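**Q** Shown below is the structure under consideration.
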Amino acid sequence: MKVYASYNIKGGVGKTTAAVNLAFLASQQGQRTLVWDLDPQGAASYFFRVKPKWKGGAKALIRGKRSPEPLIRGTDFERLDLLRAHFGYRHMDVVLSKLKRPDRRLAKVLALLKGEYDRVFLDCPAGITLASESVFRAANVLLVPTIPTTLSLRTLLQLLKHLKGEGARRLSVMPFFSMVDRRKSLQQRICQQPPNGILKSHIPYLSAIEQMAERRAPLPSYAPSSPAAEAFKALWRELEASDTQGVSLSRREAEVAII
Amino acid sequence: MKNSTLVGINEPIAYVLENEAEGRRALKALESAFSTRRERLPENDLVYFDTFDWRLYERGFRLATGCRNGAKMLKLESPGFSLEAPLAKKTAPSFGPRLPEGPLKELLCPILELRRLLPLMKIAIRSHGLRILDGEEKTVARVHLVHTDTAPPGSRRAPIPLAPRLTLTPIRGYADPAARVIRHLDTEVGLARASSSAFDEMLASVEQQPASYSSKLLLPIHRRMSAGEAVQVICRHLLKTMKANEDGVRRDLDSEFLHDFRVAVRRTRAALAQLEGVFDAEARRFFKSEFKWLGAITGPVRDLDVHLLQMEHYRAALPLEVRRDLEPLATYLRQHREAERRKLKTNLATQRYRRLVERWRKYLQAPLPEPAVSKHAHLPVIEVASARIWRAYRKVEDMTAGIDDLSPADKLHRLRIGCKKLRYLLEFFHPLYDARAVQPLIKSLKQLQDSLGDFNDLEVQQVALKRFAREMKHEGLASVDCLLAMGRLQGHHDERKTTERQRFAQCLGAFDAPENKKRFARLFDSTLGNVG
Ligand SMILES: Nc1ncnc2c1ncn2[C@@H]1O[C@H](COP(=O)(O)OP(=O)(O)OP(=O)(O)O)[C@@H](O)[C@H]1O
Ligand SMILES: [Mg+2]
């Protein structure tokens, strides 16, 4: 079971969009796939037309006292399931802070699902919190959608520094450019020759992607050969092909710092 | 009421339909009762596979090749679980080690062992139907009208259409809506649930009988039979096994066909040799010599198979740097096997073989020979069985008396033959006795035989390797490096023979234990008045 976390310190950068579309592509390739909607706002659940759970059980789930099974819903797509959002996740940090080794909690819950899924995608809320520490520990690959602007790159650098400090060596960090504006020449330039630490594929800013919220389905499921779908497919191919170790954190940090 | 049996298992609930129209009516009824959306799935062509002895079917697995998004796939399914692997174009699954890497291969390899996957049937599925939606227009169940055509593998005949089915596929986490749909179909529409699985129906349509072959001896004999009747049942079963494997031997599908074929021949020969009194003496002489011939013509290929299967162990027994040196040996084995296999194929196509099978079949169906020519055929089977087993056991007992782990190889060899004879008799006749009493005896005998067999195999392999080395030299196949490596192998075999002898001593102890002796006597010694 390989665990991808879609994560950024910043909000509104395309984390949920990436998690939903990449998970769909994985399931299309025959991987038994689960999306865990960790955001109490439930954007990923919304895309799959599943209502978040409002009350009861979030605490027990995080504490490992309850199986995630009753929260799992089959999506409209073969091999793709959703561990639906829970409104109780907004208190996740409070719950975690009362537990021993809070950073290991999500990994423990995922261990209960081992053998059932080949790929898991965690759709994370923004911010560095106790919950995100637990995500860093549970994930094998940290997908970081990053808007190619100076400020966003600074935030990425902060994240890489933070992860290095945490000694998150097992975690393979895979930043990619997201919401790339074709009309902005600076962004175009950065994306044409991404620094080594950043994936070659990027996701352009496209109204088709914005409209996913209306369709409420993964984009490749209804527009499989649209430019937007092709962008996600290329990203997924690159992710599957890149080795799990990736570039060392400090090298990645140095290379990101250059731009 | 919650229908909890639905949860988790994504096996569709199925209804068998009289005709297409009945299915359309059912879909209409659902459309007016639920919020739905129509859909049509692309046609799905599959080829199902299993081993000759149904190893997948018996474990509840189904393995098929098919296409998804233009790519060839291998898919393994069982209730509530599925695995996939990509398959190269124009390839079919065959042996475990040749499957595409991944969890599917890891799961299948230990199940398949040496057996090849063979195509069972071709299937074409067309389906259209409805998605049942909730208030968010999320799909909560699927109901499909499914048409299936089947065809035997490799046949050009027109496909066989099965009766259409209406299937309901529940979706994980939505047991309640699925239960509501089922209730509607059961009561409002009044459809009949399918009693057999679609898969079994498909198999039946191409005249495949699941689990119709097993290499195990499962003999329907009982105490009220005469010895002649029982032996006919036994030999007919063995003949059936031979015939069942014949095609696989001819086509060289995997090495187990010949193995099972030969085991049946050996057992037949054992019956002819050891149950002399139940056969007509003249017929017995003929069949004995003809089955001996059959054993002889099937031997060389099997021997080479054994060495080829051992190659991996041979390599593993040598240090890493010389393992490659054994390659000429593998080449030699493969070449000779191919030559021997051609000879075998020719032999199986001879009049002599056909006549043997025909005459044997007739003999086994004919009325029992007169008591004048076969003095035991009309005795109760239990009498003959006990006497023969007791006699064979006493012989083994005599041989074990003066034997230990230092005895010469030929003594061990004779003991091994004695054990084999006893084993065949026990296997033939054990259904006549209380299983709880016989099974421990068979087990202790089997362990003793295994240890003797392993010792003997090493001995035989050493002799064979020496012969191979000479022939390889003669054929110009033997590099000096290869001969040296084979020499090292001989040394390795010597070491293993010593350990096998020690294990033999242990097994002998268990077999010779007073408790075991008493058991044999209690069951089979007629002087104790326990027979008949
Ligand atoms: N490549 C894109 N082109 C156009 N619009 C996009 C693109 N990616 C995301 N969006 C839109 O931007 C908004 C934020 O995207 P998304 O929800 O994926 O980001 P997020 O990082 O998960 O946000 P949050 O931090 O709120 O969870 C959404 O309205 C989405 O439709
Ligand atoms: Mg989000």
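Naming works like this for the structure tokens: A, B, ... for the chains as they're shown, residue 1 at the start of each chain, ligands 1 onward in shown order.
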Please build the interface table for chain A against ligand 2 with a cut-off of 10 Å, listing for each qualifying residue the nearest atom pair and the distance in Å to one decimal; count only C-alpha atoms and all ligand atoms, order rows by chain and increasing number, and write it as CSV.
**A**
```
residue,atom,partner,partner_atom_place_in_ligand_line,distance
A:Ser6,CA,ligand 2,1 (Mg),8.7
A:Tyr7,CA,ligand 2,1 (Mg),8.7
A:Asn8,CA,ligand 2,1 (Mg),9.6
A:Gly11,CA,ligand 2,1 (Mg),7.2
A:Gly12,CA,ligand 2,1 (Mg),6.7
A:Val13,CA,ligand 2,1 (Mg),8.1
A:Gly14,CA,ligand 2,1 (Mg),6.9
A:Lys15,CA,ligand 2,1 (Mg),5.3
A:Thr16,CA,ligand 2,1 (Mg),4.1
A:Thr17,CA,ligand 2,1 (Mg),7.3
A:Ala18,CA,ligand 2,1 (Mg),9.2
A:Ala19,CA,ligand 2,1 (Mg),8.8
A:Val20,CA,ligand 2,1 (Mg),9.9
A:Asp37,CA,ligand 2,1 (Mg),8.8
A:Leu38,CA,ligand 2,1 (Mg),9.0
A:Asp39,CA,ligand 2,1 (Mg),6.7
A:Pro40,CA,ligand 2,1 (Mg),9.6
A:Gln41,CA,ligand 2,1 (Mg),8.1
A:Gly42,CA,ligand 2,1 (Mg),7.8
A:Ala43,CA,ligand 2,1 (Mg),5.8
A:Ala44,CA,ligand 2,1 (Mg),7.0
A:Asp123,CA,ligand 2,1 (Mg),6.6
A:Cys124,CA,ligand 2,1 (Mg),6.6
A:Pro125,CA,ligand 2,1 (Mg),5.9
A:Ala126,CA,ligand 2,1 (Mg),7.6
```
**Q** Taking only C-alpha atoms into account, what are the residues of chain A at most 10 Å from chain B, put as a PyMOL selection string?
**A** chain A and resi 28-32+46+48-51+69-79+81-82+116+118+216-217
**Q** How many Å lie between CA of Ile13 in chain B and CA of Ala124 in chain B, rounded to one decimal?
**A**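 Here the two named atoms are 19.6 Å from each other.
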**Q** Within 10 Å of Pro204 in chain A, counting only C-alpha atoms, which residues show up once you throw out same-chain ones fewer than 3 positions away? Write them as a tab-separated table (two decimals) with N, CA and C atoms, in the first residue's frame, please.
**A**
```tsv
chain	number	residue	atom	x	y	z
A	147	ILE	N	2.02	26.96	-6.55
A	147	ILE	CA	1.81	27.96	-7.59
A	147	ILE	C	3.16	28.63	-7.87
A	177	PHE	N	4.24	22.13	-10.03
A	177	PHE	CA	3.59	23.41	-10.22
A	177	PHE	C	2.12	23.22	-10.56
A	178	SER	N	1.32	24.05	-9.92
A	178	SER	CA	-0.13	23.91	-10.02
A	178	SER	C	-0.73	25.27	-10.37
A	179	MET	N	-1.88	25.27	-11.02
A	179	MET	CA	-2.60	26.50	-11.38
A	179	MET	C	-1.69	27.47	-12.13
A	180	VAL	N	-0.92	26.90	-13.08
A	180	VAL	CA	0.05	27.72	-13.82
A	180	VAL	C	-0.68	28.59	-14.83
A	181	ASP	N	-0.46	29.87	-14.73
A	181	ASP	CA	-1.16	30.82	-15.60
A	181	ASP	C	-0.35	31.00	-16.89
A	182	ARG	N	-0.92	30.55	-17.99
A	182	ARG	CA	-0.22	30.57	-19.29
A	182	ARG	C	0.09	31.99	-19.75
A	188	GLN	N	5.38	30.96	-16.93
A	188	GLN	CA	5.68	30.11	-18.06
A	188	GLN	C	7.14	29.71	-18.06
A	191	CYS	N	8.07	27.21	-15.44
A	191	CYS	CA	7.55	25.87	-15.69
A	191	CYS	C	8.25	25.17	-16.84
A	201	SER	N	6.17	17.70	-14.90
A	201	SER	CA	4.79	17.95	-15.30
A	201	SER	C	4.19	19.03	-14.41
A	207	SER	N	-10.05	26.69	-17.08
A	207	SER	CA	-11.43	26.83	-16.57
A	207	SER	C	-12.10	25.46	-16.47
A	209	ILE	N	-10.88	22.88	-15.25
A	209	ILE	CA	-10.59	22.34	-13.91
A	209	ILE	C	-11.46	23.03	-12.87
A	227	PRO	N	-7.30	18.64	-22.54
A	227	PRO	CA	-5.95	19.06	-22.11
A	227	PRO	C	-5.78	18.96	-20.60
A	228	ALA	N	-6.84	19.27	-19.86
A	228	ALA	CA	-6.74	19.20	-18.40
A	228	ALA	C	-6.48	17.77	-17.95
A	231	ALA	N	-3.00	16.70	-18.65
A	231	ALA	CA	-2.03	17.25	-17.70
A	231	ALA	C	-1.95	16.36	-16.45
A	232	PHE	N	-3.11	15.92	-15.96
A	232	PHE	CA	-3.09	15.05	-14.77
A	232	PHE	C	-2.49	13.69	-15.10
```
**Q** Which of range 132-246 of chain A counts as helix (DSSP H, G or I) under DSSP, as a short mmCIF file (atom, residue, chain, number, x, y, z; two decimals) with C-alpha atoms, in the first residue's frame please?
**A**
```cif
data_model
loop_
_atom_site.label_atom_id
_atom_site.label_comp_id
_atom_site.auth_asym_id
_atom_site.auth_seq_id
_atom_site.Cartn_x
_atom_site.Cartn_y
_atom_site.Cartn_z
CA SER A 132 0.06 17.48 9.27
CA GLU A 133 2.91 16.01 11.31
CA SER A 134 0.89 12.84 11.46
CA VAL A 135 0.39 13.05 7.69
CA PHE A 136 4.15 13.36 7.10
CA ARG A 137 4.61 10.21 9.09
CA ALA A 138 1.84 8.22 7.43
CA THR A 150 7.95 33.88 -5.47
CA LEU A 151 5.84 33.80 -2.34
CA SER A 152 4.64 30.24 -2.94
CA LEU A 153 8.18 29.07 -3.59
CA ARG A 154 9.26 30.65 -0.32
CA THR A 155 6.56 28.69 1.45
CA LEU A 156 7.76 25.51 -0.27
CA LEU A 157 11.27 26.23 0.94
CA GLN A 158 9.95 26.65 4.47
CA LEU A 159 8.23 23.29 4.22
CA LEU A 160 11.36 21.54 2.97
CA LYS A 161 13.41 23.08 5.81
CA HIS A 162 10.80 22.02 8.29
CA LEU A 163 10.73 18.45 6.99
CA LYS A 164 14.50 18.24 7.11
CA GLY A 165 14.40 19.38 10.71
CA GLU A 166 11.86 16.68 11.44
CA SER A 185 5.48 34.96 -18.76
CA LEU A 186 7.37 34.55 -15.50
CA GLN A 187 5.27 31.51 -14.57
CA GLN A 188 5.68 30.11 -18.06
CA ARG A 189 9.44 30.49 -17.83
CA ILE A 190 9.67 28.78 -14.48
CA CYS A 191 7.55 25.87 -15.69
CA GLN A 192 9.39 25.34 -18.93
CA SER A 207 -11.43 26.83 -16.57
CA ALA A 208 -12.24 23.16 -17.24
CA ILE A 209 -10.59 22.34 -13.91
CA GLU A 210 -12.46 25.07 -12.14
CA MET A 212 -15.06 20.26 -11.84
CA ALA A 213 -16.98 21.62 -8.89
CA GLU A 214 -20.10 21.75 -11.04
CA ARG A 215 -19.63 18.30 -12.52
CA LEU A 219 -12.17 15.31 -14.61
CA PRO A 220 -10.71 12.37 -16.60
CA SER A 221 -13.94 10.43 -15.95
CA TYR A 222 -16.01 12.72 -18.16
CA PRO A 227 -5.95 19.06 -22.11
CA ALA A 228 -6.74 19.20 -18.40
CA ALA A 229 -7.05 15.40 -18.16
CA GLU A 230 -3.85 15.00 -20.17
CA ALA A 231 -2.03 17.25 -17.70
CA PHE A 232 -3.09 15.05 -14.77
CA LYS A 233 -2.22 11.89 -16.69
CA ALA A 234 1.27 13.20 -17.44
CA LEU A 235 1.71 14.10 -13.77
CA TRP A 236 0.57 10.64 -12.68
CA ARG A 237 2.89 8.93 -15.16
CA GLU A 238 5.82 10.94 -13.85
CA LEU A 239 4.91 10.14 -10.26
CA GLU A 240 4.61 6.42 -10.94
CA ALA A 241 7.90 6.39 -12.80
#
```
**Q** Fewer than 6 positions away in the same chain doesn't count, so skip those; otherwise give me all residues within 8 Å of Cys235 in chain B, counting only C-alpha atoms, as an MDAnalysis selection string.
**A** chainID B and resid 268 271 364
**Q** Between A:Leu130, A:Met92, A:Leu206, A:Leu80, single out the one closest to Leu22 in chain A, counting only C-alpha atoms.
**A**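 For Leu22 in chain A, the nearest of the given residues is A:Leu80.
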**Q** Find the distance between CA of Gly509 in chain B and CA of Ala273 in chain B and write it in Å to one decimal.
**A**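 Separating CA of Gly509 in chain B from CA of Ala273 in chain B is a distance of 29.1 Å.
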**Q** Excluding Leu56 in chain B and residues on its chain fewer than 3 positions from it, collect all residues at most 12 Å away from it, counting only C-alpha atoms, and give them as a list in words.
**A** Tyr48, Phe49, Asp50, Thr51, Phe52, Asp53, Arg59, Gly60, Phe61, Arg62, Leu63, Ala64, Leu76, Glu77, Ser78, Leu107, Leu108, Cys109, Pro110, Ile111, Leu112, Glu113, Arg115, Arg116, Leu117, Leu118, Leu120, Pro210 and Ala211 of chain B
**Q** Calculate how many Å separate CA of His493 in chain B from CA of Thr331 in chain B, rounding to one decimal.
**A**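 So the two atoms, CA of His493 in chain B and CA of Thr331 in chain B, lie 21.4 Å apart.
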**Q** Please give the complete set of residues from range 4-139 of chain B that DSSP, run on the backbone, assigns to strand (DSSP E), formatted as a ChimeraX atom specification.
**A** /B:13-16,36-50,62-68,71-78,81-86,118-133,139
**Q** May I ask which of the residues A:Ser172, A:Thr149, A:Ser27, A:Gln211 is the closest one to ligand 1, counting only C-alpha atoms and all ligand atoms?
**A**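 Smallest separation from ligand 1 among the options: A:Gln211.
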**Q** Find, counting only C-alpha atoms and all ligand atoms, the residue in A:Ala5, A:Ala58, A:Val173, A:Ala139 that gets nearest to ligand 1.
**A** A:Ala5
**Q** Env of Asp450 in chain B: 12 Å cut, atoms = only C-alpha atoms, seq-sep filter 4 positions within chain, self excluded. Answer as number ranges by chain.
**A** B: 416, 419-420, 423, 442-446, 454-457, 500-501, 503-504, 506-508
**Q** Please produce a file of those selected residues containing C-alpha atoms, as an mmCIF file, in the first residue's frame.
**A**
```
data_model
loop_
_atom_site.group_PDB
_atom_site.id
_atom_site.type_symbol
_atom_site.label_atom_id
_atom_site.label_comp_id
_atom_site.auth_asym_id
_atom_site.auth_seq_id
_atom_site.Cartn_x
_atom_site.Cartn_y
_atom_site.Cartn_z
ATOM 1 C CA ARG B 416 11.905 -49.033 -0.043
ATOM 2 C CA CYS B 419 7.229 -50.198 1.665
ATOM 3 C CA LYS B 420 5.961 -49.151 -1.734
ATOM 4 C CA ARG B 423 1.611 -48.404 0.490
ATOM 5 C CA ILE B 442 -0.406 -44.617 6.348
ATOM 6 C CA LYS B 443 1.184 -41.529 7.833
ATOM 7 C CA SER B 444 4.005 -43.373 9.580
ATOM 8 C CA LEU B 445 4.587 -45.426 6.446
ATOM 9 C CA LYS B 446 4.599 -42.327 4.284
ATOM 10 C CA ASP B 454 14.878 -38.973 -0.669
ATOM 11 C CA PHE B 455 17.905 -41.132 0.024
ATOM 12 C CA ASN B 456 17.215 -43.192 -3.057
ATOM 13 C CA ASP B 457 16.629 -40.104 -5.221
ATOM 14 C CA GLU B 500 18.966 -38.413 4.953
ATOM 15 C CA ARG B 501 20.204 -41.585 6.619
ATOM 16 C CA ARG B 503 16.328 -38.808 9.227
ATOM 17 C CA PHE B 504 15.601 -42.335 8.050
ATOM 18 C CA GLN B 506 14.070 -41.472 13.129
ATOM 19 C CA CYS B 507 11.244 -42.393 10.785
ATOM 20 C CA LEU B 508 12.077 -46.049 11.123
#
```
**Q** Quick one: residues within 8 Å of range 99-102 of chain B, only C-alpha atoms counted, chain neighbours fewer than 3 positions away excluded, as a VMD selection string?
**A** chain B and resid 85 to 87 93 to 96 105 to 106
**Q** Which of these, A:Ser45, A:Ser242, A:Thr33, A:Ser67, has the shortest distance to ligand 1 once you count only C-alpha atoms and all ligand atoms?
**A**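 Of all the options, A:Ser45 lies closest to ligand 1.
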**Q** Just checking: using only C-alpha atoms, which residue out of B:Gly453, B:Pro152, B:Pro119, B:Pro177 ends up closest to Ile417 in chain B?
**A**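 Result for the nearest residue to Ile417 in chain B: B:Gly453.
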